[in-house]
$ cat start03.cif   # mmCIF, N, CA and C atoms
data_data
#
loop_
_atom_site.group_PDB
_atom_site.id
_atom_site.type_symbol
_atom_site.label_atom_id
_atom_site.label_comp_id
_atom_site.auth_asym_id
_atom_site.auth_seq_id
_atom_site.Cartn_x
_atom_site.Cartn_y
_atom_site.Cartn_z
ATOM 1 N N ARG A 123 109.217 88.497 96.284
ATOM 2 C CA ARG A 123 108.623 88.273 97.593
ATOM 3 C C ARG A 123 108.526 86.801 97.880
ATOM 4 N N GLU A 124 108.685 86.479 99.119
ATOM 5 C CA GLU A 124 108.549 85.083 99.510
ATOM 6 C C GLU A 124 107.094 84.705 99.716
ATOM 7 N N ASP A 125 106.313 85.587 100.305
ATOM 8 C CA ASP A 125 104.930 85.264 100.620
ATOM 9 C C ASP A 125 103.972 86.291 100.032
ATOM 10 N N LEU A 126 102.843 85.805 99.572
ATOM 11 C CA LEU A 126 101.711 86.676 99.246
ATOM 12 C C LEU A 126 100.664 86.399 100.307
ATOM 13 N N TYR A 127 100.351 87.394 101.078
ATOM 14 C CA TYR A 127 99.450 87.204 102.213
ATOM 15 C C TYR A 127 98.304 88.195 102.100
ATOM 16 N N GLY A 128 97.096 87.705 102.300
ATOM 17 C CA GLY A 128 95.931 88.571 102.330
ATOM 18 C C GLY A 128 95.384 88.631 103.747
ATOM 19 N N ARG A 129 95.178 89.826 104.240
ATOM 20 C CA ARG A 129 94.626 89.970 105.591
ATOM 21 C C ARG A 129 93.242 89.331 105.649
ATOM 22 N N PRO A 130 92.941 88.649 106.742
ATOM 23 C CA PRO A 130 91.664 87.930 106.849
ATOM 24 C C PRO A 130 90.443 88.793 106.542
ATOM 25 N N GLU A 131 90.449 90.032 106.980
ATOM 26 C CA GLU A 131 89.276 90.879 106.758
ATOM 27 C C GLU A 131 89.086 91.282 105.289
ATOM 28 N N LEU A 132 90.116 91.095 104.478
ATOM 29 C CA LEU A 132 90.014 91.436 103.057
ATOM 30 C C LEU A 132 89.758 90.221 102.170
ATOM 31 N N ARG A 133 89.769 89.043 102.769
ATOM 32 C CA ARG A 133 89.562 87.822 101.990
ATOM 33 C C ARG A 133 88.122 87.735 101.511
ATOM 34 N N GLY A 134 87.956 87.129 100.339
ATOM 35 C CA GLY A 134 86.621 86.954 99.775
ATOM 36 C C GLY A 134 86.139 88.134 98.963
ATOM 37 N N HIS A 135 87.006 89.114 98.723
ATOM 38 C CA HIS A 135 86.635 90.298 97.951
ATOM 39 C C HIS A 135 87.284 90.338 96.574
ATOM 40 N N GLY A 136 87.985 89.272 96.194
ATOM 41 C CA GLY A 136 88.570 89.205 94.863
ATOM 42 C C GLY A 136 89.999 89.702 94.745
ATOM 43 N N TYR A 137 90.582 90.172 95.841
ATOM 44 C CA TYR A 137 91.947 90.698 95.769
ATOM 45 C C TYR A 137 92.963 89.618 95.414
ATOM 46 N N GLY A 138 92.843 88.450 96.026
ATOM 47 C CA GLY A 138 93.776 87.354 95.747
ATOM 48 C C GLY A 138 93.688 86.905 94.296
ATOM 49 N N LYS A 139 92.469 86.816 93.800
ATOM 50 C CA LYS A 139 92.294 86.418 92.400
ATOM 51 C C LYS A 139 92.893 87.459 91.468
ATOM 52 N N ARG A 140 92.735 88.728 91.795
ATOM 53 C CA ARG A 140 93.336 89.780 90.964
ATOM 54 C C ARG A 140 94.856 89.725 91.018
ATOM 55 N N ARG A 141 95.409 89.473 92.214
ATOM 56 C CA ARG A 141 96.874 89.403 92.341
ATOM 57 C C ARG A 141 97.436 88.263 91.495
ATOM 58 N N LEU A 142 96.801 87.105 91.576
ATOM 59 C CA LEU A 142 97.262 85.984 90.761
ATOM 60 C C LEU A 142 96.955 86.222 89.289
ATOM 61 N N GLY A 143 95.827 86.885 89.009
ATOM 62 C CA GLY A 143 95.480 87.205 87.622
ATOM 63 C C GLY A 143 96.514 88.100 86.970
ATOM 64 N N THR A 144 97.041 89.055 87.720
ATOM 65 C CA THR A 144 98.093 89.935 87.200
ATOM 66 C C THR A 144 99.346 89.139 86.868
ATOM 67 N N ARG A 145 99.686 88.205 87.729
ATOM 68 C CA ARG A 145 100.852 87.351 87.458
ATOM 69 C C ARG A 145 100.596 86.447 86.261
ATOM 70 N N ALA A 146 99.367 85.980 86.126
ATOM 71 C CA ALA A 146 99.013 85.153 84.967
ATOM 72 C C ALA A 146 99.125 85.959 83.676
ATOM 73 N N GLN A 147 98.733 87.229 83.714
ATOM 74 C CA GLN A 147 98.869 88.091 82.538
ATOM 75 C C GLN A 147 100.325 88.191 82.102
ATOM 76 N N VAL A 148 101.225 88.369 83.056
ATOM 77 C CA VAL A 148 102.653 88.446 82.750
ATOM 78 C C VAL A 148 103.102 87.147 82.079
ATOM 79 N N CYS A 149 102.666 86.019 82.615
ATOM 80 C CA CYS A 149 103.039 84.733 82.031
ATOM 81 C C CYS A 149 102.578 84.643 80.583
ATOM 82 N N VAL A 150 101.333 84.998 80.329
ATOM 83 C CA VAL A 150 100.782 84.916 78.973
ATOM 84 C C VAL A 150 101.523 85.866 78.044
ATOM 85 N N GLU A 151 101.742 87.100 78.489
ATOM 86 C CA GLU A 151 102.449 88.092 77.668
ATOM 87 C C GLU A 151 103.859 87.644 77.311
ATOM 88 N N ARG A 152 104.517 86.943 78.213
ATOM 89 C CA ARG A 152 105.905 86.525 77.987
ATOM 90 C C ARG A 152 106.012 85.142 77.357
ATOM 91 N N GLY A 153 104.877 84.531 77.084
ATOM 92 C CA GLY A 153 104.891 83.209 76.446
ATOM 93 C C GLY A 153 105.169 82.061 77.395
ATOM 94 N N TYR A 154 105.050 82.315 78.698
ATOM 95 C CA TYR A 154 105.237 81.244 79.672
ATOM 96 C C TYR A 154 104.020 80.330 79.621
ATOM 97 N N HIS A 155 104.205 79.082 79.911
ATOM 98 C CA HIS A 155 103.123 78.110 79.824
ATOM 99 C C HIS A 155 102.557 77.691 81.168
ATOM 100 N N ARG A 156 103.084 78.254 82.256
ATOM 101 C CA ARG A 156 102.550 77.909 83.568
ATOM 102 C C ARG A 156 102.934 78.967 84.600
ATOM 103 N N LEU A 157 102.177 78.949 85.668
ATOM 104 C CA LEU A 157 102.430 79.765 86.848
ATOM 105 C C LEU A 157 102.412 78.803 88.021
ATOM 106 N N GLU A 158 103.470 78.789 88.813
ATOM 107 C CA GLU A 158 103.568 77.855 89.936
ATOM 108 C C GLU A 158 103.862 78.608 91.222
ATOM 109 N N TRP A 159 103.392 78.039 92.311
ATOM 110 C CA TRP A 159 103.697 78.549 93.640
ATOM 111 C C TRP A 159 103.551 77.409 94.630
ATOM 112 N N TRP A 160 103.947 77.667 95.863
ATOM 113 C CA TRP A 160 103.913 76.656 96.909
ATOM 114 C C TRP A 160 102.927 77.082 97.981
ATOM 115 N N VAL A 161 102.315 76.096 98.608
ATOM 116 C CA VAL A 161 101.404 76.344 99.722
ATOM 117 C C VAL A 161 101.586 75.208 100.721
ATOM 118 N N LEU A 162 101.515 75.528 101.998
ATOM 119 C CA LEU A 162 101.635 74.496 103.021
ATOM 120 C C LEU A 162 100.440 73.553 102.939
ATOM 121 N N ASP A 163 100.695 72.266 103.110
ATOM 122 C CA ASP A 163 99.642 71.266 102.904
ATOM 123 C C ASP A 163 98.523 71.320 103.929
ATOM 124 N N TRP A 164 98.699 72.025 105.032
ATOM 125 C CA TRP A 164 97.661 72.144 106.047
ATOM 126 C C TRP A 164 96.803 73.394 105.864
ATOM 127 N N ASN A 165 97.144 74.245 104.906
ATOM 128 C CA ASN A 165 96.448 75.517 104.720
ATOM 129 C C ASN A 165 95.199 75.318 103.857
ATOM 130 N N GLU A 166 94.174 74.724 104.458
ATOM 131 C CA GLU A 166 92.947 74.395 103.724
ATOM 132 C C GLU A 166 92.252 75.594 103.093
ATOM 133 N N PRO A 167 92.171 76.757 103.772
ATOM 134 C CA PRO A 167 91.531 77.890 103.091
ATOM 135 C C PRO A 167 92.242 78.269 101.791
ATOM 136 N N ALA A 168 93.580 78.305 101.831
ATOM 137 C CA ALA A 168 94.331 78.638 100.619
ATOM 138 C C ALA A 168 94.162 77.557 99.567
ATOM 139 N N LEU A 169 94.236 76.295 99.984
ATOM 140 C CA LEU A 169 94.073 75.194 99.025
ATOM 141 C C LEU A 169 92.698 75.250 98.359
ATOM 142 N N GLY A 170 91.675 75.548 99.130
ATOM 143 C CA GLY A 170 90.335 75.671 98.563
ATOM 144 C C GLY A 170 90.250 76.806 97.556
ATOM 145 N N PHE A 171 90.851 77.939 97.890
ATOM 146 C CA PHE A 171 90.876 79.075 96.964
ATOM 147 C C PHE A 171 91.601 78.703 95.678
ATOM 148 N N TYR A 172 92.762 78.077 95.815
ATOM 149 C CA TYR A 172 93.536 77.712 94.622
ATOM 150 C C TYR A 172 92.775 76.717 93.753
ATOM 151 N N ARG A 173 92.092 75.771 94.372
ATOM 152 C CA ARG A 173 91.265 74.837 93.592
ATOM 153 C C ARG A 173 90.166 75.592 92.859
ATOM 154 N N SER A 174 89.605 76.615 93.502
ATOM 155 C CA SER A 174 88.501 77.364 92.891
ATOM 156 C C SER A 174 88.922 78.126 91.641
ATOM 157 N N ILE A 175 90.214 78.441 91.526
ATOM 158 C CA ILE A 175 90.682 79.150 90.321
ATOM 159 C C ILE A 175 91.315 78.195 89.310
ATOM 160 N N GLY A 176 91.208 76.892 89.568
ATOM 161 C CA GLY A 176 91.685 75.903 88.611
ATOM 162 C C GLY A 176 93.097 75.407 88.830
ATOM 163 N N ALA A 177 93.714 75.746 89.973
ATOM 164 C CA ALA A 177 95.070 75.264 90.251
ATOM 165 C C ALA A 177 95.044 73.760 90.507
ATOM 166 N N GLN A 178 96.085 73.090 90.071
ATOM 167 C CA GLN A 178 96.224 71.645 90.238
ATOM 168 C C GLN A 178 97.388 71.359 91.184
ATOM 169 N N PRO A 179 97.177 70.523 92.199
ATOM 170 C CA PRO A 179 98.297 70.169 93.076
ATOM 171 C C PRO A 179 99.310 69.311 92.332
ATOM 172 N N MET A 180 100.559 69.512 92.637
ATOM 173 C CA MET A 180 101.648 68.794 91.980
ATOM 174 C C MET A 180 102.222 67.765 92.946
ATOM 175 N N ASP A 181 101.562 66.632 93.057
ATOM 176 C CA ASP A 181 101.943 65.617 94.032
ATOM 177 C C ASP A 181 103.305 64.985 93.785
ATOM 178 N N GLU A 182 103.789 65.038 92.563
ATOM 179 C CA GLU A 182 105.053 64.361 92.281
ATOM 180 C C GLU A 182 106.278 65.177 92.713
ATOM 181 N N TRP A 183 106.089 66.366 93.230
ATOM 182 C CA TRP A 183 107.199 67.202 93.678
ATOM 183 C C TRP A 183 107.233 67.254 95.198
ATOM 184 N N THR A 184 108.428 67.295 95.766
ATOM 185 C CA THR A 184 108.589 67.559 97.188
ATOM 186 C C THR A 184 109.582 68.693 97.355
ATOM 187 N N VAL A 185 109.390 69.466 98.376
ATOM 188 C CA VAL A 185 110.289 70.577 98.669
ATOM 189 C C VAL A 185 111.515 70.030 99.374
ATOM 190 N N GLN A 186 112.661 70.495 98.969
ATOM 191 C CA GLN A 186 113.927 70.135 99.603
ATOM 192 C C GLN A 186 114.515 71.396 100.214
ATOM 193 N N ARG A 187 115.144 71.268 101.376
ATOM 194 C CA ARG A 187 115.692 72.439 102.054
ATOM 195 C C ARG A 187 117.012 72.074 102.710
ATOM 196 N N VAL A 188 117.969 72.979 102.627
ATOM 197 C CA VAL A 188 119.256 72.837 103.306
ATOM 198 C C VAL A 188 119.393 74.045 104.225
ATOM 199 N N THR A 189 119.653 73.791 105.521
ATOM 200 C CA THR A 189 119.801 74.880 106.491
ATOM 201 C C THR A 189 120.944 74.570 107.453
ATOM 202 N N GLY A 190 121.252 75.551 108.266
ATOM 203 C CA GLY A 190 122.207 75.366 109.359
ATOM 204 C C GLY A 190 123.560 74.838 108.926
ATOM 205 N N ASP A 191 124.052 73.832 109.663
ATOM 206 C CA ASP A 191 125.377 73.269 109.387
ATOM 207 C C ASP A 191 125.447 72.671 107.986
ATOM 208 N N ALA A 192 124.380 72.021 107.553
ATOM 209 C CA ALA A 192 124.383 71.434 106.212
ATOM 210 C C ALA A 192 124.529 72.522 105.159
ATOM 211 N N LEU A 193 123.913 73.676 105.370
ATOM 212 C CA LEU A 193 124.029 74.792 104.423
ATOM 213 C C LEU A 193 125.474 75.304 104.396
ATOM 214 N N SER A 194 126.045 75.458 105.591
ATOM 215 C CA SER A 194 127.429 75.924 105.662
ATOM 216 C C SER A 194 128.385 74.944 105.003
ATOM 217 N N THR A 195 128.194 73.669 105.264
ATOM 218 C CA THR A 195 129.041 72.638 104.664
ATOM 219 C C THR A 195 128.917 72.651 103.144
ATOM 220 N N LEU A 196 127.711 72.752 102.664
ATOM 221 C CA LEU A 196 127.496 72.792 101.221
ATOM 222 C C LEU A 196 128.146 74.022 100.610
ATOM 223 N N ALA A 197 128.056 75.154 101.297
ATOM 224 C CA ALA A 197 128.647 76.391 100.791
ATOM 225 C C ALA A 197 130.161 76.286 100.679
ATOM 226 N N THR A 198 130.802 75.625 101.632
ATOM 227 C CA THR A 198 132.263 75.513 101.590
ATOM 228 C C THR A 198 132.727 74.484 100.565
ATOM 229 N N SER A 199 131.819 73.649 100.091
ATOM 230 C CA SER A 199 132.224 72.646 99.107
ATOM 231 C C SER A 199 132.219 73.183 97.683
ATOM 232 N N ALA A 200 131.717 74.392 97.501
ATOM 233 C CA ALA A 200 131.600 74.942 96.139
ATOM 234 C C ALA A 200 132.945 75.456 95.629
#
$ encode --input "start03.cif" --output "structure tokens"
Amino acid sequence: REDLYGRPELRGHGYGKRRLGTRAQVCVERGYHRLEWWVLDWNEPALGFYRSIGAQPMDEWTVQRVTGDALSTLATSA
């Protein structure tokens, strides 16, 4: 899935923490050392929630994206 979205009326009931907790369990079971995801920098409610569960922002990374003509050009160069 691209997005994990919680309906506003269900927020604050622990569902998001359980969803991420389940993914964390998979990481631990498989010997993974981290769980990462992306969030838009303006999404303060999500950022606050992630901080509350101990998530750390990764300032040294930036998202890169190729779309449209650049995507087509890149595809033909392969």
$ residues_around --input "start03.cif" --residues "segment 147-162 of chain A" --least-positions-apart "2" --cutoff "10 Å" --atoms "only C-alpha atoms" --output "list in words"
Glu124, Asp125, Leu142, Gly143, Thr144, Arg145, Trp164, Asn165, Glu166, Ala168, Leu169, Tyr172, Ala177, Gln178, Pro179, Met180 and Val185 of chain A
$ axis_aligned_box --input "start03.cif" --around "segment 149-165 of chain A" --padding-each-side "6 Å" --output "JSON"
{"center_x": 100.6, "center_y": 79.7, "center_z": 91.2, "size_x": 22.8, "size_y": 28.8, "size_z": 41.6}
$ atom_distance --input "start03.cif" --atom1 "atom CA of Gly128 of chain A" --atom2 "atom C of Ile175 of chain A"
17.3 Å
$ decode --input "start03.cif" --residues "segment 184-199 of chain A" --atoms "all heavy atoms" --output "PDB file, in the first residue's frame"
ATOM      1  N   THR A 184      16.248  13.323   1.387  1.00  0.00           N
ATOM      2  CA  THR A 184      15.222  14.039   0.643  1.00  0.00           C
ATOM      3  C   THR A 184      14.597  13.081  -0.354  1.00  0.00           C
ATOM      4  O   THR A 184      15.255  12.176  -0.853  1.00  0.00           O
ATOM      5  CB  THR A 184      15.784  15.254  -0.127  1.00  0.00           C
ATOM      6  OG1 THR A 184      16.724  14.800  -1.090  1.00  0.00           O
ATOM      7  CG2 THR A 184      16.427  16.253   0.812  1.00  0.00           C
ATOM      8  N   VAL A 185      13.346  13.280  -0.620  1.00  0.00           N
ATOM      9  CA  VAL A 185      12.632  12.450  -1.583  1.00  0.00           C
ATOM     10  C   VAL A 185      12.959  12.942  -2.980  1.00  0.00           C
ATOM     11  O   VAL A 185      12.970  14.147  -3.240  1.00  0.00           O
ATOM     12  CB  VAL A 185      11.107  12.518  -1.334  1.00  0.00           C
ATOM     13  CG1 VAL A 185      10.352  11.745  -2.403  1.00  0.00           C
ATOM     14  CG2 VAL A 185      10.769  11.998   0.052  1.00  0.00           C
ATOM     15  N   GLN A 186      13.220  12.023  -3.863  1.00  0.00           N
ATOM     16  CA  GLN A 186      13.468  12.328  -5.270  1.00  0.00           C
ATOM     17  C   GLN A 186      12.354  11.694  -6.086  1.00  0.00           C
ATOM     18  O   GLN A 186      11.911  10.593  -5.770  1.00  0.00           O
ATOM     19  CB  GLN A 186      14.823  11.765  -5.721  1.00  0.00           C
ATOM     20  CG  GLN A 186      15.988  12.233  -4.875  1.00  0.00           C
ATOM     21  CD  GLN A 186      16.214  13.715  -4.996  1.00  0.00           C
ATOM     22  OE1 GLN A 186      16.328  14.240  -6.092  1.00  0.00           O
ATOM     23  NE2 GLN A 186      16.260  14.400  -3.866  1.00  0.00           N
ATOM     24  N   ARG A 187      11.914  12.373  -7.139  1.00  0.00           N
ATOM     25  CA  ARG A 187      10.811  11.857  -7.944  1.00  0.00           C
ATOM     26  C   ARG A 187      11.066  12.165  -9.409  1.00  0.00           C
ATOM     27  O   ARG A 187      11.514  13.241  -9.763  1.00  0.00           O
ATOM     28  CB  ARG A 187       9.514  12.516  -7.494  1.00  0.00           C
ATOM     29  CG  ARG A 187       8.304  12.056  -8.280  1.00  0.00           C
ATOM     30  CD  ARG A 187       7.031  12.698  -7.781  1.00  0.00           C
ATOM     31  NE  ARG A 187       6.764  12.238  -6.430  1.00  0.00           N
ATOM     32  CZ  ARG A 187       5.946  12.856  -5.586  1.00  0.00           C
ATOM     33  NH1 ARG A 187       5.327  13.955  -5.943  1.00  0.00           N
ATOM     34  NH2 ARG A 187       5.755  12.381  -4.377  1.00  0.00           N
ATOM     35  N   VAL A 188      10.751  11.209 -10.264  1.00  0.00           N
ATOM     36  CA  VAL A 188      10.821  11.387 -11.714  1.00  0.00           C
ATOM     37  C   VAL A 188       9.418  11.124 -12.246  1.00  0.00           C
ATOM     38  O   VAL A 188       8.836  10.072 -11.992  1.00  0.00           O
ATOM     39  CB  VAL A 188      11.845  10.415 -12.354  1.00  0.00           C
ATOM     40  CG1 VAL A 188      11.868  10.577 -13.852  1.00  0.00           C
ATOM     41  CG2 VAL A 188      13.226  10.613 -11.768  1.00  0.00           C
ATOM     42  N   THR A 189       8.874  12.085 -13.016  1.00  0.00           N
ATOM     43  CA  THR A 189       7.529  11.935 -13.579  1.00  0.00           C
ATOM     44  C   THR A 189       7.499  12.458 -15.011  1.00  0.00           C
ATOM     45  O   THR A 189       8.463  13.059 -15.490  1.00  0.00           O
ATOM     46  CB  THR A 189       6.488  12.734 -12.758  1.00  0.00           C
ATOM     47  OG1 THR A 189       6.830  14.117 -12.811  1.00  0.00           O
ATOM     48  CG2 THR A 189       6.405  12.267 -11.321  1.00  0.00           C
ATOM     49  N   GLY A 190       6.378  12.233 -15.650  1.00  0.00           N
ATOM     50  CA  GLY A 190       6.121  12.811 -16.969  1.00  0.00           C
ATOM     51  C   GLY A 190       7.180  12.499 -18.008  1.00  0.00           C
ATOM     52  O   GLY A 190       7.618  11.360 -18.149  1.00  0.00           O
ATOM     53  N   ASP A 191       7.598  13.541 -18.740  1.00  0.00           N
ATOM     54  CA  ASP A 191       8.576  13.365 -19.818  1.00  0.00           C
ATOM     55  C   ASP A 191       9.900  12.828 -19.285  1.00  0.00           C
ATOM     56  O   ASP A 191      10.540  11.996 -19.932  1.00  0.00           O
ATOM     57  CB  ASP A 191       8.824  14.686 -20.541  1.00  0.00           C
ATOM     58  CG  ASP A 191       7.627  15.131 -21.369  1.00  0.00           C
ATOM     59  OD1 ASP A 191       6.759  14.273 -21.677  1.00  0.00           O
ATOM     60  OD2 ASP A 191       7.556  16.321 -21.701  1.00  0.00           O
ATOM     61  N   ALA A 192      10.317  13.296 -18.122  1.00  0.00           N
ATOM     62  CA  ALA A 192      11.576  12.810 -17.553  1.00  0.00           C
ATOM     63  C   ALA A 192      11.487  11.318 -17.271  1.00  0.00           C
ATOM     64  O   ALA A 192      12.451  10.572 -17.487  1.00  0.00           O
ATOM     65  CB  ALA A 192      11.918  13.571 -16.285  1.00  0.00           C
ATOM     66  N   LEU A 193      10.335  10.839 -16.824  1.00  0.00           N
ATOM     67  CA  LEU A 193      10.152   9.406 -16.559  1.00  0.00           C
ATOM     68  C   LEU A 193      10.234   8.619 -17.872  1.00  0.00           C
ATOM     69  O   LEU A 193      10.912   7.592 -17.957  1.00  0.00           O
ATOM     70  CB  LEU A 193       8.814   9.155 -15.865  1.00  0.00           C
ATOM     71  CG  LEU A 193       8.471   7.708 -15.544  1.00  0.00           C
ATOM     72  CD1 LEU A 193       9.468   7.135 -14.542  1.00  0.00           C
ATOM     73  CD2 LEU A 193       7.053   7.609 -15.016  1.00  0.00           C
ATOM     74  N   SER A 194       9.552   9.142 -18.892  1.00  0.00           N
ATOM     75  CA  SER A 194       9.589   8.469 -20.190  1.00  0.00           C
ATOM     76  C   SER A 194      10.995   8.433 -20.763  1.00  0.00           C
ATOM     77  O   SER A 194      11.446   7.411 -21.286  1.00  0.00           O
ATOM     78  CB  SER A 194       8.646   9.167 -21.174  1.00  0.00           C
ATOM     79  OG  SER A 194       7.321   9.076 -20.717  1.00  0.00           O
ATOM     80  N   THR A 195      11.697   9.541 -20.671  1.00  0.00           N
ATOM     81  CA  THR A 195      13.071   9.611 -21.169  1.00  0.00           C
ATOM     82  C   THR A 195      13.969   8.628 -20.423  1.00  0.00           C
ATOM     83  O   THR A 195      14.765   7.914 -21.021  1.00  0.00           O
ATOM     84  CB  THR A 195      13.623  11.040 -21.032  1.00  0.00           C
ATOM     85  OG1 THR A 195      12.793  11.911 -21.798  1.00  0.00           O
ATOM     86  CG2 THR A 195      15.066  11.139 -21.505  1.00  0.00           C
ATOM     87  N   LEU A 196      13.830   8.587 -19.130  1.00  0.00           N
ATOM     88  CA  LEU A 196      14.633   7.664 -18.334  1.00  0.00           C
ATOM     89  C   LEU A 196      14.319   6.222 -18.697  1.00  0.00           C
ATOM     90  O   LEU A 196      15.217   5.384 -18.830  1.00  0.00           O
ATOM     91  CB  LEU A 196      14.388   7.905 -16.841  1.00  0.00           C
ATOM     92  CG  LEU A 196      15.192   7.048 -15.874  1.00  0.00           C
ATOM     93  CD1 LEU A 196      16.703   7.239 -16.087  1.00  0.00           C
ATOM     94  CD2 LEU A 196      14.808   7.395 -14.440  1.00  0.00           C
ATOM     95  N   ALA A 197      13.046   5.922 -18.926  1.00  0.00           N
ATOM     96  CA  ALA A 197      12.645   4.563 -19.279  1.00  0.00           C
ATOM     97  C   ALA A 197      13.247   4.124 -20.606  1.00  0.00           C
ATOM     98  O   ALA A 197      13.672   2.972 -20.750  1.00  0.00           O
ATOM     99  CB  ALA A 197      11.116   4.471 -19.347  1.00  0.00           C
ATOM    100  N   THR A 198      13.326   5.030 -21.571  1.00  0.00           N
ATOM    101  CA  THR A 198      13.873   4.658 -22.880  1.00  0.00           C
ATOM    102  C   THR A 198      15.394   4.555 -22.853  1.00  0.00           C
ATOM    103  O   THR A 198      15.982   3.990 -23.771  1.00  0.00           O
ATOM    104  CB  THR A 198      13.444   5.666 -23.969  1.00  0.00           C
ATOM    105  OG1 THR A 198      13.915   6.959 -23.624  1.00  0.00           O
ATOM    106  CG2 THR A 198      11.940   5.676 -24.123  1.00  0.00           C
ATOM    107  N   SER A 199      16.019   5.078 -21.812  1.00  0.00           N
ATOM    108  CA  SER A 199      17.478   5.001 -21.749  1.00  0.00           C
ATOM    109  C   SER A 199      17.973   3.686 -21.164  1.00  0.00           C
ATOM    110  O   SER A 199      19.173   3.414 -21.193  1.00  0.00           O
ATOM    111  CB  SER A 199      18.030   6.165 -20.898  1.00  0.00           C
ATOM    112  OG  SER A 199      17.731   5.973 -19.525  1.00  0.00           O
TER     113      SER A 199
END
